[in-house]
Amino acid sequence: MKHKKGSIGFVVGIIIVVFLVGTVAYITLHSIGTSVTSILEPLKKLVGIETKKAEATTTKTGECIVKRYYWQPNKARFGEEVSIVIEGSDTCDDKTIKLNVYTDLRYGATDPKEEYLPSPIFKSNKIVAKWYIPNRKYTFGFKGHYFIYELGNDKRRSENLEIVS
């Protein structure tokens, strides 16, 4: 009888430890947010944290609602021109947006290179901003480029533009 009680206590202890480790992993990965590297993505999925797709996110500032934001195309080479596309609701015409492009680096880089673009204006409820991908001599730690738009108090980060060779 004593042996069974010890076994039950051991199993309960293991369950508690697994629960605590899972909770700590969830909190840690959730707080990392968009700066998480692609290495951690499978771990985030394992513990149930989903990365939202930029195209599926709807944000609102006053009456103007951003419906989608994305790179066009989503894959390109160094030195090529790409477009940043931001689609808004019917009330977005003539609204100005702040737009910046960043270099995404691996290994916890905290100061990505930032490039300010002229403040684009919605025309026909859409913004199409052209951008040239700068050439890079060294690609160690380089994950790609992303943009952040700001519309009022709303600030959103795009997915990375994939650089192909």
# chains A, B, ... in the order shown; residues from 1 in each chain; ligands from 1

$ residues_around --residues "region 120-128 of chain A" --least-positions-apart "5" --cutoff "6 Å" --atoms "only C-alpha atoms" --output "compact mmCIF listing (two decimals) with C-alpha atoms, in the first residue's frame"
# COMPACT_ATOMS: atom_id res chain seq x y z
CA ILE A 84 4.80 47.94 -49.59
CA VAL A 85 1.02 47.64 -49.95
CA ILE A 86 -1.41 48.87 -47.31
CA GLU A 87 -5.12 48.46 -48.02
CA GLY A 88 -7.65 50.48 -46.06
CA ASP A 90 -13.53 53.24 -47.75
CA CYS A 92 -8.98 56.03 -45.62
CA ASP A 93 -8.60 58.32 -48.66
CA ASP A 94 -6.23 61.26 -48.09
CA LYS A 95 -5.10 59.95 -44.69
CA THR A 96 -1.34 60.01 -44.06
CA ILE A 97 0.55 57.10 -42.57

$ closest_residue --among "A:Val66, A:Ile16, A:Ile8, A:Val82" --to "Leu161 (chain A)" --atoms "only C-alpha atoms"
A:Val82

$ select_by_dssp --residues "region 77-139 of chain A" --states "strand (DSSP E)" --output "list in words"
Glu81, Val82, Ser83, Ile84, Val85, Ile86, Glu87, Gly88, Lys98, Leu99, Asn100, Val101, Tyr102, Thr103, Asp104, Leu105, Glu114, Glu115, Tyr116, Lys126, Ile127, Val128, Ala129, Lys130, Trp131 and Tyr132 of chain A

$ write_last_selection --atoms "N, CA and C atoms" --output "PDB file, in the first residue's frame"
ATOM      1  N   GLU A  81      13.460  46.135 -56.737  1.00  0.00           N
ATOM      2  CA  GLU A  81      12.403  46.990 -56.218  1.00  0.00           C
ATOM      3  C   GLU A  81      11.223  46.128 -55.781  1.00  0.00           C
ATOM      4  N   VAL A  82      10.669  46.466 -54.627  1.00  0.00           N
ATOM      5  CA  VAL A  82       9.460  45.815 -54.126  1.00  0.00           C
ATOM      6  C   VAL A  82       8.470  46.907 -53.733  1.00  0.00           C
ATOM      7  N   SER A  83       7.256  46.513 -53.472  1.00  0.00           N
ATOM      8  CA  SER A  83       6.234  47.463 -53.032  1.00  0.00           C
ATOM      9  C   SER A  83       5.750  47.084 -51.643  1.00  0.00           C
ATOM     10  N   ILE A  84       5.476  48.097 -50.866  1.00  0.00           N
ATOM     11  CA  ILE A  84       4.797  47.937 -49.587  1.00  0.00           C
ATOM     12  C   ILE A  84       3.349  48.332 -49.864  1.00  0.00           C
ATOM     13  N   VAL A  85       2.436  47.395 -49.645  1.00  0.00           N
ATOM     14  CA  VAL A  85       1.022  47.645 -49.950  1.00  0.00           C
ATOM     15  C   VAL A  85       0.234  47.673 -48.639  1.00  0.00           C
ATOM     16  N   ILE A  86      -0.541  48.735 -48.471  1.00  0.00           N
ATOM     17  CA  ILE A  86      -1.410  48.869 -47.306  1.00  0.00           C
ATOM     18  C   ILE A  86      -2.803  49.186 -47.829  1.00  0.00           C
ATOM     19  N   GLU A  87      -3.751  48.301 -47.554  1.00  0.00           N
ATOM     20  CA  GLU A  87      -5.125  48.463 -48.018  1.00  0.00           C
ATOM     21  C   GLU A  87      -6.007  48.898 -46.861  1.00  0.00           C
ATOM     22  N   GLY A  88      -6.793  49.949 -47.107  1.00  0.00           N
ATOM     23  CA  GLY A  88      -7.649  50.475 -46.055  1.00  0.00           C
ATOM     24  C   GLY A  88      -9.118  50.422 -46.426  1.00  0.00           C
ATOM     25  N   LYS A  98       2.608  56.863 -41.282  1.00  0.00           N
ATOM     26  CA  LYS A  98       4.057  56.846 -41.077  1.00  0.00           C
ATOM     27  C   LYS A  98       4.553  55.449 -41.425  1.00  0.00           C
ATOM     28  N   LEU A  99       5.629  55.372 -42.195  1.00  0.00           N
ATOM     29  CA  LEU A  99       6.104  54.082 -42.696  1.00  0.00           C
ATOM     30  C   LEU A  99       7.621  54.019 -42.593  1.00  0.00           C
ATOM     31  N   ASN A 100       8.145  52.958 -41.964  1.00  0.00           N
ATOM     32  CA  ASN A 100       9.583  52.743 -41.819  1.00  0.00           C
ATOM     33  C   ASN A 100       9.924  51.311 -42.190  1.00  0.00           C
ATOM     34  N   VAL A 101      11.127  51.124 -42.757  1.00  0.00           N
ATOM     35  CA  VAL A 101      11.618  49.791 -43.104  1.00  0.00           C
ATOM     36  C   VAL A 101      12.805  49.482 -42.201  1.00  0.00           C
ATOM     37  N   TYR A 102      12.868  48.251 -41.711  1.00  0.00           N
ATOM     38  CA  TYR A 102      13.925  47.842 -40.789  1.00  0.00           C
ATOM     39  C   TYR A 102      14.658  46.620 -41.326  1.00  0.00           C
ATOM     40  N   THR A 103      15.890  46.453 -40.872  1.00  0.00           N
ATOM     41  CA  THR A 103      16.669  45.257 -41.151  1.00  0.00           C
ATOM     42  C   THR A 103      16.505  44.334 -39.957  1.00  0.00           C
ATOM     43  N   ASP A 104      16.105  43.102 -40.215  1.00  0.00           N
ATOM     44  CA  ASP A 104      15.890  42.130 -39.142  1.00  0.00           C
ATOM     45  C   ASP A 104      17.139  41.273 -39.012  1.00  0.00           C
ATOM     46  N   LEU A 105      17.720  41.285 -37.827  1.00  0.00           N
ATOM     47  CA  LEU A 105      18.943  40.525 -37.571  1.00  0.00           C
ATOM     48  C   LEU A 105      18.680  39.457 -36.524  1.00  0.00           C
ATOM     49  N   GLU A 114      17.343  51.288 -39.613  1.00  0.00           N
ATOM     50  CA  GLU A 114      16.016  51.813 -39.888  1.00  0.00           C
ATOM     51  C   GLU A 114      16.092  52.787 -41.054  1.00  0.00           C
ATOM     52  N   GLU A 115      15.121  52.716 -41.935  1.00  0.00           N
ATOM     53  CA  GLU A 115      15.043  53.632 -43.064  1.00  0.00           C
ATOM     54  C   GLU A 115      13.660  54.273 -43.078  1.00  0.00           C
ATOM     55  N   TYR A 116      13.646  55.594 -42.962  1.00  0.00           N
ATOM     56  CA  TYR A 116      12.378  56.316 -42.966  1.00  0.00           C
ATOM     57  C   TYR A 116      11.947  56.564 -44.394  1.00  0.00           C
ATOM     58  N   LYS A 126      -5.836  52.932 -50.732  1.00  0.00           N
ATOM     59  CA  LYS A 126      -4.701  52.018 -50.832  1.00  0.00           C
ATOM     60  C   LYS A 126      -3.407  52.825 -50.892  1.00  0.00           C
ATOM     61  N   ILE A 127      -2.358  52.263 -50.296  1.00  0.00           N
ATOM     62  CA  ILE A 127      -1.018  52.838 -50.399  1.00  0.00           C
ATOM     63  C   ILE A 127      -0.139  51.795 -51.066  1.00  0.00           C
ATOM     64  N   VAL A 128       0.615  52.223 -52.072  1.00  0.00           N
ATOM     65  CA  VAL A 128       1.619  51.374 -52.703  1.00  0.00           C
ATOM     66  C   VAL A 128       2.912  52.183 -52.689  1.00  0.00           C
ATOM     67  N   ALA A 129       3.827  51.846 -51.781  1.00  0.00           N
ATOM     68  CA  ALA A 129       5.098  52.556 -51.639  1.00  0.00           C
ATOM     69  C   ALA A 129       6.211  51.683 -52.203  1.00  0.00           C
ATOM     70  N   LYS A 130       6.976  52.226 -53.137  1.00  0.00           N
ATOM     71  CA  LYS A 130       8.095  51.496 -53.746  1.00  0.00           C
ATOM     72  C   LYS A 130       9.319  51.589 -52.841  1.00  0.00           C
ATOM     73  N   TRP A 131      10.094  50.503 -52.789  1.00  0.00           N
ATOM     74  CA  TRP A 131      11.316  50.479 -51.985  1.00  0.00           C
ATOM     75  C   TRP A 131      12.331  49.574 -52.659  1.00  0.00           C
ATOM     76  N   TYR A 132      13.588  50.017 -52.708  1.00  0.00           N
ATOM     77  CA  TYR A 132      14.671  49.214 -53.265  1.00  0.00           C
ATOM     78  C   TYR A 132      15.403  48.503 -52.144  1.00  0.00           C
TER      79      TYR A 132
END

$ decode --residues "region 115-158 of chain A" --atoms "C-alpha atoms" --output "mmCIF file, in the first residue's frame"
data_model
loop_
_atom_site.group_PDB
_atom_site.id
_atom_site.type_symbol
_atom_site.label_atom_id
_atom_site.label_comp_id
_atom_site.auth_asym_id
_atom_site.auth_seq_id
_atom_site.Cartn_x
_atom_site.Cartn_y
_atom_site.Cartn_z
ATOM 1 C CA GLU A 115 15.043 53.632 -43.064
ATOM 2 C CA TYR A 116 12.378 56.316 -42.966
ATOM 3 C CA LEU A 117 10.153 56.578 -46.008
ATOM 4 C CA PRO A 118 8.220 59.693 -46.982
ATOM 5 C CA SER A 119 4.783 59.668 -45.331
ATOM 6 C CA PRO A 120 2.540 58.064 -47.946
ATOM 7 C CA ILE A 121 -1.104 59.052 -48.400
ATOM 8 C CA PHE A 122 -4.017 56.715 -49.084
ATOM 9 C CA LYS A 123 -5.308 57.083 -52.672
ATOM 10 C CA SER A 124 -8.360 55.005 -53.607
ATOM 11 C CA ASN A 125 -8.068 53.608 -50.066
ATOM 12 C CA LYS A 126 -4.701 52.018 -50.832
ATOM 13 C CA ILE A 127 -1.018 52.838 -50.399
ATOM 14 C CA VAL A 128 1.619 51.374 -52.703
ATOM 15 C CA ALA A 129 5.098 52.556 -51.639
ATOM 16 C CA LYS A 130 8.095 51.496 -53.746
ATOM 17 C CA TRP A 131 11.316 50.479 -51.985
ATOM 18 C CA TYR A 132 14.671 49.214 -53.265
ATOM 19 C CA ILE A 133 16.315 46.396 -51.324
ATOM 20 C CA PRO A 134 19.865 47.532 -50.518
ATOM 21 C CA ASN A 135 22.763 45.271 -51.468
ATOM 22 C CA ARG A 136 24.602 43.633 -48.574
ATOM 23 C CA LYS A 137 28.182 42.372 -48.546
ATOM 24 C CA TYR A 138 27.673 40.288 -45.426
ATOM 25 C CA THR A 139 24.544 38.324 -44.703
ATOM 26 C CA PHE A 140 25.590 36.659 -41.424
ATOM 27 C CA GLY A 141 22.698 37.065 -38.997
ATOM 28 C CA PHE A 142 20.507 38.703 -41.641
ATOM 29 C CA LYS A 143 16.865 37.551 -41.632
ATOM 30 C CA GLY A 144 15.362 40.018 -44.078
ATOM 31 C CA HIS A 145 13.499 43.303 -43.953
ATOM 32 C CA TYR A 146 10.186 44.264 -42.407
ATOM 33 C CA PHE A 147 8.184 47.462 -42.260
ATOM 34 C CA ILE A 148 6.206 49.126 -39.518
ATOM 35 C CA TYR A 149 3.328 51.432 -40.279
ATOM 36 C CA GLU A 150 1.734 53.869 -37.856
ATOM 37 C CA LEU A 151 -1.740 55.308 -38.249
ATOM 38 C CA GLY A 152 -2.691 57.387 -35.224
ATOM 39 C CA ASN A 153 -2.079 55.233 -32.143
ATOM 40 C CA ASP A 154 -2.014 52.040 -34.209
ATOM 41 C CA LYS A 155 1.420 50.581 -34.943
ATOM 42 C CA ARG A 156 1.865 47.276 -36.820
ATOM 43 C CA ARG A 157 4.845 45.195 -38.012
ATOM 44 C CA SER A 158 4.817 43.289 -41.283
#
